[in-house]
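coords-v6.txt follows (compact mmCIF, C-alpha atoms and all ligand atoms):
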```
# COMPACT_ATOMS: atom_id res chain seq x y z
CA MET A 1 0.00 0.00 0.00
CA ASN A 2 3.05 2.29 -0.23
CA ASP A 3 1.67 4.21 -3.19
CA LEU A 4 -1.50 5.17 -1.27
CA PRO A 5 -1.46 8.02 1.27
CA HIS A 6 -2.39 5.44 3.89
CA GLN A 7 -4.12 2.10 4.21
CA PRO A 8 -7.85 2.35 3.41
CA VAL A 9 -10.06 2.47 6.50
CA LEU A 10 -10.82 -0.95 8.03
CA TYR A 11 -9.00 -2.58 5.13
CA LYS A 12 -8.47 -6.04 6.60
CA GLU A 13 -11.99 -6.09 7.98
CA ILE A 14 -13.46 -5.29 4.55
CA ILE A 15 -11.52 -8.08 2.84
CA HIS A 16 -12.46 -10.47 5.63
CA ALA A 17 -16.11 -9.41 5.40
CA LEU A 18 -16.40 -9.98 1.65
CA GLN A 19 -14.30 -13.16 1.57
CA PRO A 20 -13.52 -12.64 -2.13
CA TYR A 21 -13.00 -15.86 -4.07
CA ASN A 22 -11.50 -16.64 -7.44
CA GLY A 23 -14.13 -16.00 -10.09
CA GLY A 24 -16.40 -13.92 -7.85
CA ARG A 25 -17.99 -10.62 -8.88
CA TYR A 26 -17.67 -7.58 -6.63
CA VAL A 27 -18.70 -3.94 -6.54
CA ASP A 28 -16.90 -1.03 -4.95
CA GLY A 29 -19.48 1.77 -5.03
CA THR A 30 -17.09 4.38 -3.58
CA LEU A 31 -13.82 3.68 -5.34
CA GLY A 32 -11.81 6.67 -4.04
CA ALA A 33 -8.11 5.91 -4.52
CA GLY A 34 -8.94 2.26 -5.18
CA GLY A 35 -7.39 0.80 -2.02
CA HIS A 36 -10.26 -1.47 -1.03
CA ALA A 37 -10.85 -2.33 -4.68
CA ARG A 38 -7.25 -3.42 -5.13
CA GLY A 39 -7.43 -5.64 -2.06
CA ILE A 40 -10.60 -7.26 -3.36
CA LEU A 41 -9.08 -7.80 -6.82
CA GLU A 42 -5.96 -9.38 -5.35
CA ALA A 43 -8.07 -11.68 -3.19
CA CYS A 44 -10.33 -12.84 -6.04
CA ALA A 45 -7.49 -13.36 -8.55
CA PRO A 46 -6.99 -14.63 -11.17
CA ASP A 47 -10.56 -14.54 -12.51
CA GLY A 48 -12.65 -12.48 -10.07
CA GLN A 49 -13.95 -9.15 -11.39
CA LEU A 50 -14.85 -5.79 -9.94
CA LEU A 51 -17.18 -2.97 -10.89
CA GLY A 52 -15.89 0.31 -9.41
CA LEU A 53 -17.91 3.52 -9.23
CA ASP A 54 -17.11 7.04 -8.11
CA VAL A 55 -18.65 10.37 -8.97
CA ASP A 56 -15.30 12.13 -8.70
CA PRO A 57 -13.29 12.08 -11.97
CA GLN A 58 -10.04 12.79 -10.06
CA ALA A 59 -10.60 9.78 -7.80
CA LEU A 60 -11.39 7.63 -10.81
CA ALA A 61 -8.18 8.66 -12.60
CA ILE A 62 -6.08 7.70 -9.57
CA ALA A 63 -7.95 4.44 -9.03
CA ARG A 64 -7.48 3.56 -12.69
CA GLU A 65 -3.71 3.84 -12.23
CA ILE A 66 -3.65 1.89 -8.96
CA LEU A 67 -5.79 -0.85 -10.49
CA ALA A 68 -3.91 -0.97 -13.83
CA PRO A 69 -2.34 -4.39 -13.08
CA HIS A 70 -5.88 -5.82 -12.97
CA GLU A 71 -7.07 -3.91 -16.03
CA ASN A 72 -8.71 -6.88 -17.71
CA ARG A 73 -10.85 -7.69 -14.64
CA ILE A 74 -12.27 -4.25 -13.86
CA HIS A 75 -15.17 -2.15 -15.06
CA LEU A 76 -14.92 1.47 -13.92
CA ALA A 77 -17.52 4.20 -14.31
CA GLN A 78 -17.87 7.80 -13.26
CA ALA A 79 -21.29 7.30 -11.76
CA SER A 80 -23.14 7.50 -8.48
CA TYR A 81 -23.69 4.36 -6.47
CA THR A 82 -27.36 5.35 -6.54
CA SER A 83 -27.30 4.08 -10.14
CA LEU A 84 -25.99 0.67 -9.02
CA SER A 85 -28.75 -1.43 -10.62
CA ALA A 86 -28.40 0.43 -13.93
CA GLN A 87 -24.60 0.10 -13.86
CA LEU A 88 -24.84 -3.64 -13.28
CA LYS A 89 -27.30 -3.96 -16.12
CA ARG A 90 -24.98 -1.98 -18.38
CA ILE A 91 -22.20 -4.54 -17.95
CA GLY A 92 -24.56 -7.50 -18.01
CA TRP A 93 -24.22 -8.65 -14.41
CA ASN A 94 -27.39 -9.97 -12.76
CA GLU A 95 -25.98 -10.74 -9.35
CA VAL A 96 -22.80 -10.10 -7.42
CA ASP A 97 -20.97 -11.76 -4.54
CA GLY A 98 -20.07 -8.68 -2.54
CA ILE A 99 -20.50 -4.92 -2.37
CA VAL A 100 -18.51 -2.35 -0.42
CA LEU A 101 -19.54 1.22 0.32
CA ASP A 102 -17.02 3.39 2.14
CA LEU A 103 -19.12 6.51 2.56
CA GLY A 104 -18.33 10.21 2.66
CA ALA A 105 -15.35 12.16 1.44
CA SER A 106 -11.90 10.68 0.81
CA SER A 107 -8.62 11.87 2.32
CA MET A 108 -7.66 12.96 -1.17
CA GLN A 109 -10.70 15.22 -1.33
CA PHE A 110 -10.07 16.64 2.16
CA ASP A 111 -6.41 17.22 1.31
CA THR A 112 -7.08 19.04 -1.98
CA PRO A 113 -7.70 22.59 -0.74
CA GLU A 114 -9.50 23.81 -3.85
CA ARG A 115 -12.28 21.25 -3.33
CA GLY A 116 -13.41 23.29 -0.32
CA PHE A 117 -13.95 20.36 2.10
CA SER A 118 -11.40 21.48 4.68
CA PHE A 119 -11.88 24.34 7.12
CA LEU A 120 -8.11 24.37 7.67
CA GLN A 121 -7.33 25.65 4.18
CA ASP A 122 -8.66 28.69 2.35
CA ALA A 123 -10.49 27.77 -0.84
CA PRO A 124 -13.73 28.39 -2.72
CA LEU A 125 -16.79 27.02 -0.88
CA ASP A 126 -17.40 24.08 -3.21
CA MET A 127 -17.66 20.66 -1.44
CA ARG A 128 -19.12 18.80 -4.41
CA PHE A 129 -18.04 15.18 -4.74
CA GLY A 130 -18.36 15.42 -8.51
CA PRO A 131 -19.22 17.81 -11.33
CA HIS A 132 -22.74 16.39 -11.66
CA VAL A 133 -23.76 17.87 -8.29
CA PRO A 134 -25.93 20.90 -9.12
CA GLN A 135 -25.18 23.18 -6.15
CA THR A 136 -22.05 24.17 -4.22
CA ALA A 137 -21.74 24.99 -0.53
CA ALA A 138 -21.53 28.68 -1.55
CA ASP A 139 -24.92 28.37 -3.29
CA ILE A 140 -26.44 27.02 -0.09
CA VAL A 141 -24.94 29.49 2.40
CA ASN A 142 -25.82 32.45 0.15
CA SER A 143 -29.37 31.46 -0.80
CA TYR A 144 -30.99 29.61 2.13
CA SER A 145 -33.02 31.55 4.66
CA GLU A 146 -31.61 31.87 8.17
CA ARG A 147 -34.18 29.35 9.39
CA GLU A 148 -33.31 26.83 6.65
CA LEU A 149 -29.61 27.18 7.41
CA ALA A 150 -30.17 26.71 11.14
CA ASP A 151 -32.25 23.57 10.52
CA LEU A 152 -29.67 22.16 8.10
CA ILE A 153 -26.73 22.80 10.46
CA TYR A 154 -28.67 21.33 13.38
CA GLU A 155 -29.96 18.27 11.53
CA TYR A 156 -26.92 17.30 9.46
CA GLY A 157 -24.23 18.71 11.77
CA GLU A 158 -25.88 17.92 15.10
CA GLU A 159 -24.60 21.39 16.04
CA ARG A 160 -26.00 22.95 19.21
CA ASP A 161 -25.02 26.47 18.13
CA SER A 162 -26.88 26.12 14.82
CA ARG A 163 -29.08 29.20 15.30
CA LYS A 164 -26.22 31.46 16.27
CA ILE A 165 -24.13 30.18 13.36
CA ALA A 166 -26.97 30.59 10.85
CA ARG A 167 -27.49 34.18 12.02
CA ALA A 168 -23.76 34.89 11.66
CA ILE A 169 -23.68 33.39 8.16
CA VAL A 170 -26.61 35.49 7.00
CA LYS A 171 -25.00 38.61 8.46
CA ALA A 172 -21.68 37.91 6.73
CA ARG A 173 -23.13 37.13 3.29
CA PRO A 174 -22.10 36.85 0.54
CA LEU A 175 -19.58 34.15 1.50
CA HIS A 176 -17.29 32.77 -1.18
CA THR A 177 -14.45 31.01 0.64
CA THR A 178 -13.95 28.49 3.41
CA ARG A 179 -11.96 31.13 5.35
CA GLU A 180 -14.90 33.55 5.28
CA LEU A 181 -17.22 30.82 6.54
CA VAL A 182 -14.81 29.79 9.30
CA ASP A 183 -14.47 33.44 10.40
CA ALA A 184 -18.25 33.82 10.58
CA ILE A 185 -18.55 30.63 12.66
CA GLU A 186 -15.66 31.48 14.97
CA ALA A 187 -17.14 34.91 15.70
CA VAL A 188 -20.12 33.29 17.47
CA SER A 189 -18.77 29.84 18.37
CA PRO A 190 -15.18 30.35 19.48
CA ARG A 191 -12.60 27.58 19.93
CA ARG A 192 -12.90 25.94 23.32
CA GLY A 193 -9.62 24.42 24.48
CA ASP A 194 -8.61 21.41 22.44
CA ARG A 195 -12.15 20.28 21.58
CA VAL A 196 -13.17 19.83 17.96
CA HIS A 197 -12.80 22.89 15.76
CA PRO A 198 -16.03 24.96 15.92
CA ALA A 199 -16.45 24.74 12.13
CA THR A 200 -16.33 20.92 12.03
CA ARG A 201 -20.06 20.29 12.34
CA THR A 202 -21.16 23.09 10.02
CA PHE A 203 -18.77 21.86 7.33
CA GLN A 204 -20.10 18.32 7.76
CA ALA A 205 -23.68 19.58 7.47
CA LEU A 206 -22.98 21.53 4.30
CA ARG A 207 -21.14 18.62 2.68
CA ILE A 208 -24.03 16.26 3.43
CA ALA A 209 -26.54 18.75 2.01
CA VAL A 210 -24.52 19.63 -1.10
CA ASN A 211 -24.12 15.97 -2.06
CA GLU A 212 -27.50 14.75 -0.74
CA GLU A 213 -25.54 12.06 1.06
CA LEU A 214 -28.29 10.69 3.30
CA ALA A 215 -30.83 10.38 0.48
CA SER A 216 -28.17 8.61 -1.61
CA ILE A 217 -27.52 6.01 1.10
CA THR A 218 -31.25 5.41 1.49
CA GLU A 219 -31.50 4.96 -2.27
CA VAL A 220 -28.59 2.55 -2.70
CA LEU A 221 -29.29 0.06 0.10
CA PRO A 222 -32.33 -1.68 -1.48
CA GLN A 223 -30.50 -1.81 -4.83
CA ALA A 224 -27.46 -3.36 -3.17
CA LEU A 225 -29.60 -5.97 -1.46
CA ALA A 226 -31.44 -6.79 -4.70
CA SER A 227 -28.12 -7.18 -6.54
CA LEU A 228 -26.55 -9.69 -4.16
CA LYS A 229 -26.56 -13.44 -4.63
CA PRO A 230 -27.85 -15.44 -1.67
CA GLY A 231 -24.84 -15.64 0.64
CA GLY A 232 -23.40 -12.45 -0.89
CA ARG A 233 -22.34 -9.69 1.46
CA LEU A 234 -22.80 -5.95 1.75
CA ALA A 235 -20.22 -4.07 3.82
CA VAL A 236 -20.82 -0.41 4.65
CA ILE A 237 -18.40 1.95 6.39
CA SER A 238 -19.99 5.11 7.77
CA PHE A 239 -18.35 8.07 9.48
CA HIS A 240 -21.11 9.72 11.46
CA SER A 241 -24.20 8.72 13.35
CA LEU A 242 -26.66 9.96 10.71
CA GLU A 243 -25.22 7.64 8.06
CA ASP A 244 -24.81 4.78 10.45
CA ARG A 245 -28.42 5.03 11.63
CA ILE A 246 -29.75 4.63 8.06
CA VAL A 247 -27.60 1.52 7.53
CA LYS A 248 -28.42 0.06 10.96
CA ASP A 249 -32.19 0.60 10.56
CA PHE A 250 -32.18 -0.92 7.08
CA PHE A 251 -30.25 -3.99 8.22
CA ARG A 252 -32.50 -4.47 11.29
CA GLU A 253 -35.70 -4.08 9.28
CA GLN A 254 -34.60 -6.45 6.52
CA SER A 255 -33.37 -9.08 8.97
CA LYS A 256 -36.89 -9.62 10.34
CA ASP A 257 -39.92 -11.28 8.75
CA LEU A 258 -42.54 -8.68 7.91
CA VAL A 259 -45.78 -9.99 9.34
CA ASN A 260 -49.23 -8.79 8.33
CA PRO A 261 -51.35 -8.01 10.26
CA PRO A 262 -48.92 -7.99 13.16
CA TYR A 263 -51.54 -8.25 15.94
CA GLU A 264 -53.66 -11.32 14.98
CA ARG A 265 -53.05 -14.87 16.01
CA ILE A 266 -53.24 -16.22 12.48
CA TYR A 267 -50.96 -14.07 10.50
CA GLU A 268 -49.29 -14.09 7.16
CA VAL A 269 -45.66 -13.52 6.54
CA GLU A 270 -45.75 -10.76 3.99
CA ARG A 271 -42.04 -10.68 3.38
CA LYS A 272 -39.47 -13.08 4.73
CA ALA A 273 -36.30 -11.64 6.20
CA THR A 274 -33.97 -10.87 3.31
CA LEU A 275 -30.66 -10.61 5.11
CA LYS A 276 -28.83 -11.47 8.26
CA GLU A 277 -26.56 -9.12 10.12
CA VAL A 278 -23.07 -10.55 10.34
CA ASN A 279 -22.14 -8.24 13.22
CA ARG A 280 -24.79 -6.63 15.42
CA LYS A 281 -22.19 -4.35 16.93
CA PRO A 282 -20.30 -2.46 14.21
CA PHE A 283 -16.57 -3.02 13.74
CA THR A 284 -14.42 0.01 14.53
CA PRO A 285 -10.74 0.71 13.78
CA SER A 286 -8.04 -0.37 16.21
CA GLU A 287 -6.12 2.20 18.22
CA GLU A 288 -3.15 1.59 15.98
CA GLU A 289 -5.17 2.33 12.84
CA ILE A 290 -6.49 5.55 14.42
CA LYS A 291 -2.97 6.56 15.37
CA ASN A 292 -1.83 6.14 11.75
CA ASN A 293 -4.95 7.73 10.28
CA PRO A 294 -6.85 9.96 12.72
CA ARG A 295 -9.69 10.37 10.20
CA ALA A 296 -10.54 6.71 10.74
CA ARG A 297 -11.56 7.34 14.35
CA SER A 298 -15.31 7.66 13.73
CA ALA A 299 -15.56 4.80 11.20
CA LYS A 300 -18.11 2.04 11.77
CA LEU A 301 -18.41 -1.05 9.62
CA ARG A 302 -21.68 -2.97 9.32
CA ILE A 303 -21.90 -6.18 7.34
CA ALA A 304 -25.01 -7.98 6.13
CA GLU A 305 -25.37 -11.27 4.29
CA LYS A 306 -28.20 -11.87 1.83
CA LEU A 307 -30.39 -14.83 2.74
C1 LIG A 401 -14.04 7.42 1.77
S1 LIG A 401 -13.78 7.53 0.06
C2 LIG A 401 -13.49 5.90 -0.46
C3 LIG A 401 -12.06 5.44 -0.32
C4 LIG A 401 -11.81 4.08 -0.93
N1 LIG A 401 -12.52 3.03 -0.24
C5 LIG A 401 -10.33 3.73 -1.00
O1 LIG A 401 -9.98 2.59 -0.69
O2 LIG A 401 -9.55 4.60 -1.38
C6 LIG A 401 -15.37 7.85 -0.55
C7 LIG A 401 -15.47 8.06 -2.05
O3 LIG A 401 -16.85 7.94 -2.39
C8 LIG A 401 -17.13 8.86 -3.41
N2 LIG A 401 -18.58 9.09 -3.41
C9 LIG A 401 -19.30 9.85 -2.56
N3 LIG A 401 -20.62 9.79 -2.88
C10 LIG A 401 -20.71 8.95 -3.94
C11 LIG A 401 -21.79 8.48 -4.72
N4 LIG A 401 -23.05 8.85 -4.48
N5 LIG A 401 -21.53 7.59 -5.71
C12 LIG A 401 -20.25 7.19 -5.96
N6 LIG A 401 -19.19 7.62 -5.28
C13 LIG A 401 -19.41 8.49 -4.27
C14 LIG A 401 -16.30 10.07 -3.09
O4 LIG A 401 -16.09 10.82 -4.26
C15 LIG A 401 -15.02 9.42 -2.54
O5 LIG A 401 -14.06 9.26 -3.55
```

What is this structure when it is put down as structure tokens?
Amino acid sequence: MNDLPHQPVLYKEIIHALQPYNGGRYVDGTLGAGGHARGILEACAPDGQLLGLDVDPQALAIAREILAPHENRIHLAQASYTSLSAQLKRIGWNEVDGIVLDLGASSMQFDTPERGFSFLQDAPLDMRFGPHVPQTAADIVNSYSERELADLIYEYGEERDSRKIARAIVKARPLHTTRELVDAIEAVSPRRGDRVHPATRTFQALRIAVNEELASITEVLPQALASLKPGGRLAVISFHSLEDRIVKDFFREQSKDLVNPPYERIYEVERKATLKEVNRKPFTPSEEEIKNNPRARSAKLRIAEKL
């Protein structure tokens, strides 16, 4: 992994979860730099194949290079994982053996100042994962009402100071750069000791809103389930509680029979459970992994197996 900035998050756990085998078919819906994808391709060699998706053309270009040794076993597309079913159809795959989704932004995106994801660097307020995304963070902060901004920052950032911050943003408009946004936030929500930077949660909220991240996760999960073979596995890494809750609720709901009506003695099973949770408690990175890659600290991995 020397040519990657660092080992992909929960790398060994992902490979162990998917148990790739020679000849199997796998999907990486969030290719990024291609680290997980490469591990999967190595483990399913010589004949296993992988479909890799990412909305970010820069990520795709890097992944293409990293995965070049496996060129004849990969299908890559600049596409959202929300189009998973259509992408599988396009390459003629009915069912797959494993799917990985490593949600959110990549280190590469955070570390490229001009993408606007980082509050530590001055850059245009962009935050789009890919060029297809219709609005930037600047569009949101400059056009939403104070009330809408407060709700967004509270809901997606779980930020207690959301009202104060929304008021400060509206007062400071127009905002064009990450620095201007950080200044507006710091004016009303100053740094407190060594706790998280006061802009952290607002930046998270804006990123989620710009890229409609939560709606995308909700959209992809049923498609992923429908695309798996019985015994196939879906592994999802999330980085904050809002994402994780969507995955957890979906896995819980699908792992139970749906009974109708639920209150009568003679009842019909309307839908049998479709999956089983491999781990009820999510896997989290080891202390050593967090030491090497602090961004991994909030990662949670949930794995489900199709019945
Ligand atoms: C955490 S990174 C993945 C890192 C990757 N697992 C690796 O080994 O390098 C998440 C990636 O998902 C991409 N992404 C975010 N939303 C997406 C979507 N709806 N469809 C496809 N890719 C998406 C981002 O552009 C980013 O490159």

For ligand LIG 401 (chain A), list the contacting residues at 8 Å or closer, counting all atoms listed in the file, as a PyMOL selection string. chain A and resi 7-9+11+28-38+53-56+59-60+63+78-82+101-109+129-130+211+213+216-217

query = Could you pull the residues within 10 Å of Glu186 of chain A, counting only C-alpha atoms, minus those fewer than 2 positions along the same chain, as an NGL selection string?
reply = :A and (165 or 168 or 180-184 or 188-191 or 197-199)

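Taking atom CA of Phe283 of chain A and atom CA of Glu212 of chain A as the two end points, the separation is 25.4 Å.
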
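Here the question is which of A:Leu234, A:Leu41, A:Ile99, A:Val27 gets nearest to Ile303 of chain A using all atoms listed in the file, and that residue is A:Leu234.
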
Of A:Pro113, A:Cys44, A:Leu10, A:Pro69, the one sitting nearest Asn22 of chain A when using only C-alpha atoms is A:Cys44

As a check of understanding: the span from atom CA of Ile140 of chain A to atom CA of Ser238 of chain A is 24.2 Å

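One distance worth recording is that between atom CA of Val247 of chain A and atom CA of Arg271 of chain A, which is 19.4 Å.
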
Of A:Ser298, A:Ser83, A:Thr177, A:Asn293, the one sitting nearest Leu125 of chain A when using all atoms listed in the file is A:Thr177
